[in-house]
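First the structure, in the form of structure tokens, and then the observations on it.
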Amino acid sequence: MTKTAVHSNDATEETATRSQWWDVWDQFKTHRGAMVGLIIFVSILLFVVVGPWVWTIDPTHIDIRARNQGPSLAHPFGTDQLGRDIFARMMAGGQVSMAVGMTAMALSLFLGTLIGVLAGYFKWLDGPLMRLTDLFLALPLLPLLLVIILLFRERLSSVFGPEGGIFILMVFAIGITSWMQAARIVRGDVLALKEREFVLAAHSIGTAPRKMILRHILPNVMSPIMVSATLGIANAIITESALSFLGLGFPPDFPTWGRLLFDGVDFLQQYPERVLFPGIAISLTVLSVNYIGDGLRDALDPRIRGR
Amino acid sequence: MKMKTALLGAAAAFAMAPMAMAERGADGHVNIIYWQAPSIMNPYLSGGTKDLEAASLVIEPLARYDQDGNMVPWLVDSVPTVENGGVSEDLTTVTWKLKEGLLWSDGTPVTSADVKFSWEYCTADGGGCAQSEKYNDVVDVETPDELTAIVKFGVSKPFPYGPFVGAQAPILQKAQFENCLGPKAPECTEENFAPIGTGPFTVTEFRPNDVVSLEANPNYRDASKPAFATATLKGGGDATAAGRSVLETGEFDYAWNLQLAPDVLANMEAKGKGKIVSGFGTLVERIMVNQTDPSADLGDERATKKHPHPFLTDKNVRQALSMAIDRELLTEIGYGAAGRPTCNVLPAPAIYASTANDGCLVQDIAGANELLESAGWVKGADGIRAKDGVRLSMLYQTSTNAVRQDFQALIKQWWGEIGVETELRNLDASVFFGGDPGSPDTFQKFFADVEMYANNFDGTDPESYMANWECKQAPSPENQWQGNNMPRFCSEEYDALVAKMAVTGDINERAELAKAMNDMLMQEYVIIPLVDRGRVSAHSNTLGGVILNTWDSELWNAADWHRVK
Amino acid sequence: MLTFTLRRLLLAIPTLIFISLVIFLLLELAPGDPMAQVPLTVPPEVKAQMREALGLGQPIHIRFVKWLYQFYVVEPLYLADALFGTSWSEGLPRIISWQWRSSVLDVVAQRIPQTLWVVGLSYVIGAMIAVPIGVISAYRQYSIFDQIGTFISMVGFSVPTFFTGVLLIVIFSVNLGWFPSIYDTTLVVNDWPSFVKQLKQMVMPVFVLALYNAAQISRFMRASMLDNLNQDYVRTARAKGLGERAVVLVHVLRNSMIPVVTVIALGVPTVFSGAIITEQVFKVNGLGQLLITAIQANDLPTVQTLTVIFAILIILFNLIADILYGILDPRIRYD
């Protein structure tokens, strides 16, 4: 959003804008952690997206004679209690978890930032929006989700098909129940920023609120938003598994990382690898996003970029 | 129930009890863990198994069932039967004679007035007694003397052991609960949390949904029991953690209902701290086959008799679904020693168990394919069979539970091999088993093609259980979706058998009728039984005297529990 | 600031009633049945009678008004009676649970000690270690300390407590036998051995939760410090000749606290809602376990009461956060 907005505002200075983003990329490249994070992230993405084309075992195929096997050439990660190939399940599960994690995080950040900025910047919106936040914070999660599922499951699956419908439902459910923290944090920062000299200066030269928010306020609340984003992905992946486990999400034979992790906990002592693989996958994803976020924040900060 | 078998059962139970004459309270403290925490100690106000079993440490019925399903006298000297004159010839009155010298834990004598009161308590208006079915048709309880209670039924009762028998219908103390009748029942917090009883223990502190602290009943009828001076019944957590605390860390002595993957359980037992015990009752994991059309397009008439199912009304399809299932493998994966494959929806007691359907134990995918082929269901390009434009594509729902989800995945694969497409759905148990008419996801509404769950019956008499599949028991909007006939099976012949059983007294004839009903359901394939599920619990090596009982409370013989030195 | 506080407190009353209503309607709308845990052997007619006895037959608006009266009038009176020995609440109906058929708030009070011991303490510890970790991580950005801190906090946050908890139990209870795997809520601490026992049973749940909380707070602390360390006023302070310690701990820290205060203020009420999974794993049976069992059993009065108490705390702590903003940065004005 910021990107396109900045772009259109500076439409006359097309070339200058492009070079600014090149600057960001140049700075980003020098950030070792960020580059490692980016490489890991892209590898995971390739693993889950391209992997299934190479490793063609059906993740839901049951080969009961081959159950509870350790890692081998035929099954690099071993098999589960029904003889399903865990390697294939990790790939299939990763697609869902990454997709749900990313989109749900994006939705919750968008909602959180929007509400936080509006409440922090416009005094008359502060009261109503923050009381709304209080309400959402107070709502019990499980009954809320049950109601959402009750109201929308059939309708969504008739429009988007069973899997598409559930996907939208999950993203919506996780997004709608996790934006509040980001909103409160952004609002807190905006309240303080609003009184800073550069904002007052911009105000005095008659900058319109829209421009003010996009050019002056938002870039300065990027770092808490980045942290929220990293934490948000982990949160979304885990929440998805909890929901699917409760029967509120994807069908039970549909693997996701969170679900694999959850199912593996009972076998912790016998087959520790079953917990380790999804656990490592989730942690790596979150860590890589964290470092990318770090690098991006540094790259976007003109004070650092200059150095 | 024959008197002789009853006595033999009692004798067997006593033979296994500790022979050494221990002193009451000599063995210190016993720790019991229930991963579902008890909420209340009054089984009349809560039907939950956890509450019933916790309460059974404190309050007791007149007679109960032993580990083999035989009735044993508990607060009486003998179980009344027609032979010993305790039950009248016309099967309308039952005379119970209390043991002499019985005392409540507060030291006052137990009298027939308490027995009568227990009936009044449960049948009082506005009380919402969870066990009122046990007192069905009771018109009066007469108390000619201190120790005699005569139960009078309004109709002839071939099986008159509903009232005051089993953990569901214990005796309450009249003096304590006198002011708690009907709508006042919930006001009696102290009474409901710490009832005065005749059992081996009394409550010292009750914390709802957390922990019950108990101590030995000073007035227990056997001066040498219980061996433990105090007991703790802790609740909460999950089955894995409960099993771990007994079998791996040894913090607890007894863990209830460990429904875990067999290899997880075996691995825990290998630690050598405790033993797994299992026993079989009447619990059968089964698939119900919907005879009505659950399509959402039908609106309010969805899953009602007005619209027969497009393909599950074809018996060949139902039979093929059953043939494709490997019950041995399901049992091995899901339950291990705590399950056995079954082809009957009524697997026990032995007298009622049919052997006519045992052919289902062998999986026959080729046969199922042939059957479908010959019935005109041909595989399409996608591998799914179809006939006249109807595809064999189903929605298969069940409650959330690791074993059930494994079963779903396996069965989906087998059905795939016979050209049947299956979509799986799992639902939160509190929604699935709840009767909320506003929710589309209840097992009664059955807005799916097949559904899987387990059910059983209380005690040993299957009459009311088999009556579940009468035509009129089918859930529908007219009866607010209440009723137990989930497949919406309807047969005049079956209803006639139900009616006949209600008036038949002879145990052998009753058994024949029950078997006939079971066979009819099985051979119509409207219910596909999978596994006869046992109960698995665990006790530490130092806890002696445990006899797992699936017909009554698991804690039924806690008085005999003792420390093995 | 005082008028602001008073206005917000007054405004909280209608807000709370509105939130109560929304929660009530939500729970009504949610599918579920208090009879779901009753065995299938109990016939439907009996279940219908049991529902009736719970008061489910009454129309929804009557039940709501009744609950409002019980929660906002009767229960406070009852509390006053318990505190001051008065007898205002005698004979008035309290909020009754559908599970244990007795007062909801008595059981809530019963659960508070273990919740505070475990969840509360872990929050305090988490916040106390997170702030210095965040400060050092930011001040020495990309040092070994920062890298390790980042790694641990990210793993701590992305691996769910249902896994870390079980892992700890397997290591420390099953294999080493150091700590009990089951929390004893009846333990009374009155001497040294019982205190040691209490410590032992708290170690694992507190560690798991503190790790999770610290991970989250330290990330926000670090990010916010980083933002401020490059500001002009820091350079000015240094140029003025202020000691490095004073610059970082007084100026930068104070200005970096706003997001951290927000996160902590959001976190404190969740202490009271308990930590559902951790409580379940360690059998702490605190308020989180109370809430989840009530939801599973569809015990609406208990769910409603717990949620509204939670809402009160949220409103209160968000107000405290707003006041703290004004103290941390006096330029922020609400009036």
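By convention here, the chains of the structure tokens are called A, B, ... in the order presented, each chain's residues are numbered starting at 1, and ligands are numbered starting at 1 in the order presented.
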Go through chain B residue by residue and, counting only C-alpha atoms, keep those with an atom at most 9 Å from chain A; for each kept residue give the shortest atom pair and its distance in Å to one decimal, ordered by chain and increasing number, as CSV.
```
residue,atom,partner,partner_atom,distance
B:Thr240,CA,A:Asp266,CA,7.1
B:Leu260,CA,A:Asp266,CA,8.8
B:Ala261,CA,A:Asp266,CA,8.6
B:Asp263,CA,A:Gln270,CA,8.8
B:Val264,CA,A:Phe267,CA,6.6
B:Asn267,CA,A:Gln270,CA,7.7
B:Ala296,CA,A:Glu154,CA,8.8
B:Leu329,CA,A:Ile64,CA,8.8
B:Ile333,CA,A:Gln81,CA,8.0
B:Ser399,CA,A:Gly247,CA,7.8
B:Thr400,CA,A:Gly247,CA,6.1
B:Asn401,CA,A:Phe245,CA,8.6
B:Ala402,CA,A:Asp263,CA,7.9
B:Gln405,CA,A:Pro252,CA,6.1
B:Asp406,CA,A:Leu82,CA,7.3
B:Gln408,CA,A:Asp253,CA,8.0
B:Ala409,CA,A:Asp253,CA,6.0
B:Leu410,CA,A:Ile62,CA,6.9
B:Gln413,CA,A:Ile62,CA,7.1
B:Glu423,CA,A:Pro251,CA,7.9
B:Leu424,CA,A:Pro251,CA,5.7
B:Arg425,CA,A:Pro251,CA,5.3
B:Asn426,CA,A:Gly247,CA,4.8
B:Leu427,CA,A:Gly247,CA,4.5
B:Asp428,CA,A:Leu246,CA,5.3
B:Ala429,CA,A:Leu246,CA,8.5
B:Ser439,CA,A:Leu150,CA,7.3
B:Pro440,CA,A:Leu150,CA,7.8
B:Asp441,CA,A:Leu150,CA,8.7
```
For the contact check between chain C and chain A, emit one row per residue of chain C within 8 Å, containing the shortest atom pair and the distance in Å rounded to one decimal, counting only C-alpha atoms, chain then rising number order, as CSV.
```
residue,atom,partner,partner_atom,distance
C:Thr15,CA,A:Arg131,CA,7.2
C:Ile19,CA,A:Leu135,CA,6.0
C:Ile23,CA,A:Leu139,CA,6.4
C:Leu26,CA,A:Leu144,CA,6.7
C:Leu27,CA,A:Pro143,CA,6.3
C:Leu29,CA,A:Val147,CA,6.5
C:Ala30,CA,A:Val147,CA,4.9
C:Pro31,CA,A:Leu146,CA,6.8
C:Phe151,CA,A:Leu287,CA,7.2
C:Met154,CA,A:Leu287,CA,6.0
C:Val155,CA,A:Ser283,CA,5.5
C:Phe157,CA,A:Ala234,CA,7.2
C:Ser158,CA,A:Ala234,CA,5.0
C:Val159,CA,A:Gly279,CA,6.3
C:Pro160,CA,A:Ile238,CA,6.9
C:Phe162,CA,A:Phe262,CA,7.9
C:Phe163,CA,A:Val265,CA,6.3
C:Val166,CA,A:Val265,CA,7.5
C:Leu167,CA,A:Leu268,CA,7.7
C:Val170,CA,A:Gln269,CA,7.7
C:Gln216,CA,A:Leu231,CA,7.5
C:Arg219,CA,A:Val227,CA,6.6
C:Phe220,CA,A:Pro224,CA,6.3
C:Ala223,CA,A:Ser223,CA,5.8
C:Ser224,CA,A:Pro224,CA,7.0
C:Asp227,CA,A:Ser223,CA,7.4
C:Asn230,CA,A:Arg303,CA,7.3
C:Ile258,CA,A:Gly188,CA,6.3
C:Pro259,CA,A:Ile185,CA,5.2
C:Thr262,CA,A:Ile185,CA,5.8
C:Val263,CA,A:Ile185,CA,7.1
C:Leu266,CA,A:Gln181,CA,7.3
C:Ile295,CA,A:Pro143,CA,7.6
C:Thr307,CA,A:Ala138,CA,6.4
C:Val308,CA,A:Ala138,CA,7.3
C:Phe310,CA,A:Ala138,CA,6.3
C:Ala311,CA,A:Ala138,CA,4.8
C:Ile314,CA,A:Asp134,CA,6.5
C:Ile315,CA,A:Asp134,CA,6.3
C:Tyr325,CA,A:Gly188,CA,7.4
C:Asp329,CA,A:Ala192,CA,6.9
C:Arg331,CA,A:Glu195,CA,6.1
C:Ile332,CA,A:Ala192,CA,5.9
```
Per-residue nearest contacts chain C to chain B, cut-off 9 Å, using only C-alpha atoms, as CSV:
```
residue,atom,partner,partner_atom,distance
C:Leu29,CA,B:Gly438,CA,8.2
C:Ala30,CA,B:Ser439,CA,8.1
C:Pro31,CA,B:Ser439,CA,5.0
C:Gly32,CA,B:Val431,CA,4.7
C:Asp33,CA,B:Gly434,CA,4.6
C:Pro34,CA,B:Gly434,CA,7.1
C:Met35,CA,B:Gly434,CA,6.0
C:Ala36,CA,B:Gly434,CA,3.9
C:Gln37,CA,B:Gly48,CA,6.1
C:Val38,CA,B:Gly48,CA,4.9
C:Pro39,CA,B:Gly48,CA,6.3
C:Leu40,CA,B:Asn455,CA,6.6
C:Thr41,CA,B:Phe457,CA,5.6
C:Val42,CA,B:Ala130,CA,7.3
C:Pro43,CA,B:Glu133,CA,7.4
C:Pro44,CA,B:Gln482,CA,5.9
C:Glu45,CA,B:Gln482,CA,8.2
C:Val46,CA,B:Ala130,CA,6.4
C:Lys47,CA,B:Ala130,CA,7.1
C:Ala48,CA,B:Gly128,CA,8.3
C:Gln49,CA,B:Gly128,CA,5.0
C:Met50,CA,B:Gly128,CA,4.0
C:Arg51,CA,B:Gly128,CA,7.3
C:Glu52,CA,B:Gly128,CA,7.0
C:Ala53,CA,B:Gly128,CA,5.0
C:Leu54,CA,B:Gly128,CA,7.9
C:Ile96,CA,B:Pro186,CA,8.2
C:Gln99,CA,B:Ser39,CA,5.9
C:Trp100,CA,B:Ser39,CA,5.0
C:Arg101,CA,B:Pro186,CA,5.0
C:Ser102,CA,B:Thr189,CA,5.7
C:Ser103,CA,B:Thr189,CA,8.4
C:Val107,CA,B:Pro208,CA,7.1
C:Gln110,CA,B:Arg207,CA,7.8
C:Val166,CA,B:Ala241,CA,8.7
C:Ser173,CA,B:Thr249,CA,6.5
C:Val174,CA,B:Thr249,CA,5.3
C:Asn175,CA,B:Thr249,CA,8.4
C:Gly177,CA,B:Thr249,CA,7.1
C:Pro180,CA,B:Glu251,CA,7.4
C:Ser181,CA,B:Ser245,CA,6.9
C:Ile182,CA,B:Ser245,CA,7.5
C:Asp184,CA,B:Lys234,CA,8.5
C:Thr185,CA,B:Val211,CA,7.9
C:Thr186,CA,B:Val211,CA,8.0
C:Glu279,CA,B:Gly237,CA,8.0
C:Gln280,CA,B:Gly237,CA,4.7
C:Val281,CA,B:Gly237,CA,5.9
C:Phe282,CA,B:Gly237,CA,7.2
C:Lys283,CA,B:Gly237,CA,5.3
C:Val284,CA,B:Gly236,CA,8.4
C:Asn285,CA,B:Asp210,CA,6.1
C:Gly286,CA,B:Asp210,CA,8.8
C:Gln289,CA,B:Gly236,CA,8.0
C:Leu290,CA,B:Asn209,CA,7.3
C:Thr293,CA,B:Asn209,CA,7.9
C:Ile295,CA,B:Ser430,CA,8.6
C:Gln296,CA,B:Ser430,CA,5.7
C:Ala297,CA,B:Ser430,CA,6.6
C:Asn298,CA,B:Ser430,CA,7.5
```
Residues near range 316-322 of chain C, cut-off 8 Å, only C-alpha atoms, skip fewer than 6 positions along chain, as a compact mmCIF listing (two decimals) with N, CA, C and O atoms, in the first residue's frame:
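Now in selection_25.txt:
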```
# COMPACT_ATOMS: atom_id res chain seq x y z
N THR C 5 -9.30 10.57 32.93
CA THR C 5 -9.47 9.28 33.58
C THR C 5 -10.92 9.08 34.02
O THR C 5 -11.53 8.04 33.77
N ARG C 8 -13.19 8.53 31.08
CA ARG C 8 -13.04 7.18 30.52
C ARG C 8 -13.69 6.14 31.43
O ARG C 8 -14.32 5.19 30.95
N VAL C 261 4.86 -0.71 26.64
CA VAL C 261 3.76 -0.52 27.60
C VAL C 261 2.46 -1.06 27.00
O VAL C 261 1.68 -1.73 27.67
N THR C 262 2.25 -0.82 25.72
CA THR C 262 1.04 -1.33 25.08
C THR C 262 0.99 -2.85 25.15
O THR C 262 -0.03 -3.43 25.54
N ALA C 265 0.42 -3.98 28.71
CA ALA C 265 -0.95 -3.71 29.15
C ALA C 265 -1.93 -4.66 28.49
O ALA C 265 -2.95 -5.03 29.08
N LEU C 266 -1.63 -5.07 27.27
CA LEU C 266 -2.51 -6.04 26.61
C LEU C 266 -2.31 -7.41 27.23
O LEU C 266 -3.22 -8.24 27.24
N VAL C 268 -1.38 -8.17 30.50
CA VAL C 268 -1.79 -8.39 31.89
C VAL C 268 -3.19 -9.01 32.00
O VAL C 268 -3.36 -9.99 32.74
N PRO C 269 -4.19 -8.50 31.28
CA PRO C 269 -5.50 -9.16 31.39
C PRO C 269 -5.43 -10.63 30.98
O PRO C 269 -6.14 -11.46 31.56
```
Quick one: pick out all alpha helix (DSSP H) residues within range 145-330 of chain C from a backbone DSSP run and write them as a PyMOL selection string.
chain C and resi 145-158+161-168+192-229+232-239+244-246+253-272+276-282+287-296+300-328
Could you pull the residues within 10 Å of Ile351 in chain B, counting only C-alpha atoms, minus those fewer than 4 positions along the same chain, as a PyMOL selection string?
chain B and resi 347+507-508+510-512+514-515
For the selection just defined, write its residues with N, CA and C atoms to a file, as a PDB file, in the first residue's frame.
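So result-v4.pdb came out as:
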```pdb
ATOM      1  N   PRO B 347     -22.694 -56.312  20.911  1.00  0.00           N
ATOM      2  CA  PRO B 347     -21.629 -57.315  21.004  1.00  0.00           C
ATOM      3  C   PRO B 347     -21.621 -58.088  22.313  1.00  0.00           C
ATOM      4  N   ILE B 507     -35.539 -64.736  29.873  1.00  0.00           N
ATOM      5  CA  ILE B 507     -34.247 -64.203  29.457  1.00  0.00           C
ATOM      6  C   ILE B 507     -33.791 -64.795  28.125  1.00  0.00           C
ATOM      7  N   ASN B 508     -34.073 -66.083  27.902  1.00  0.00           N
ATOM      8  CA  ASN B 508     -33.609 -66.693  26.650  1.00  0.00           C
ATOM      9  C   ASN B 508     -34.388 -66.177  25.453  1.00  0.00           C
ATOM     10  N   ARG B 510     -35.764 -63.264  25.321  1.00  0.00           N
ATOM     11  CA  ARG B 510     -35.305 -61.879  25.120  1.00  0.00           C
ATOM     12  C   ARG B 510     -34.019 -61.873  24.312  1.00  0.00           C
ATOM     13  N   ALA B 511     -33.141 -62.830  24.626  1.00  0.00           N
ATOM     14  CA  ALA B 511     -31.877 -62.887  23.914  1.00  0.00           C
ATOM     15  C   ALA B 511     -32.104 -63.165  22.431  1.00  0.00           C
ATOM     16  N   GLU B 512     -33.040 -64.100  22.153  1.00  0.00           N
ATOM     17  CA  GLU B 512     -33.329 -64.419  20.746  1.00  0.00           C
ATOM     18  C   GLU B 512     -33.823 -63.183  20.015  1.00  0.00           C
ATOM     19  N   ALA B 514     -33.345 -59.994  20.788  1.00  0.00           N
ATOM     20  CA  ALA B 514     -32.297 -58.992  20.629  1.00  0.00           C
ATOM     21  C   ALA B 514     -31.364 -59.376  19.488  1.00  0.00           C
ATOM     22  N   LYS B 515     -31.034 -60.668  19.413  1.00  0.00           N
ATOM     23  CA  LYS B 515     -30.160 -61.123  18.342  1.00  0.00           C
ATOM     24  C   LYS B 515     -30.816 -60.914  16.982  1.00  0.00           C
TER      25      LYS B 515
END
```
Using only C-alpha atoms, which residues sit within 9 Å of range 199-208 of chain C once same-chain residues fewer than 6 positions away are excluded, as number ranges by chain?
C: 117-123, 125-126, 156, 161, 164-165, 168-169, 172, 178-184, 278-279, 281-282, 284
Quick one: residues within 6 Å of range 158-170 of chain B, only C-alpha atoms counted, chain neighbours fewer than 4 positions away excluded, as a count of residues only?
10
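Interatomic distance, CA of Arg535 in chain B to CA of Glu285 in chain B: 12.5 Å.
For Leu287 in chain C, the residues within 9 Å (counting only C-alpha atoms, excluding itself and residues fewer than 5 positions away along the chain) are Val108, Arg111, Ile112, Gln114, Thr115, Val271, Phe272, Ser273, Gly274, Ala275, Ile276, Glu279, Ile292 and Leu306 of chain C.
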Name the closest residue to Leu109 in chain A among the candidates A:Val36, A:Ile213, A:Thr207, A:Ser178; distances are taken between atoms, counting only C-alpha atoms.
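Ranking A:Val36, A:Ile213, A:Thr207, A:Ser178 by distance to Leu109 in chain A, first place goes to A:Ser178.
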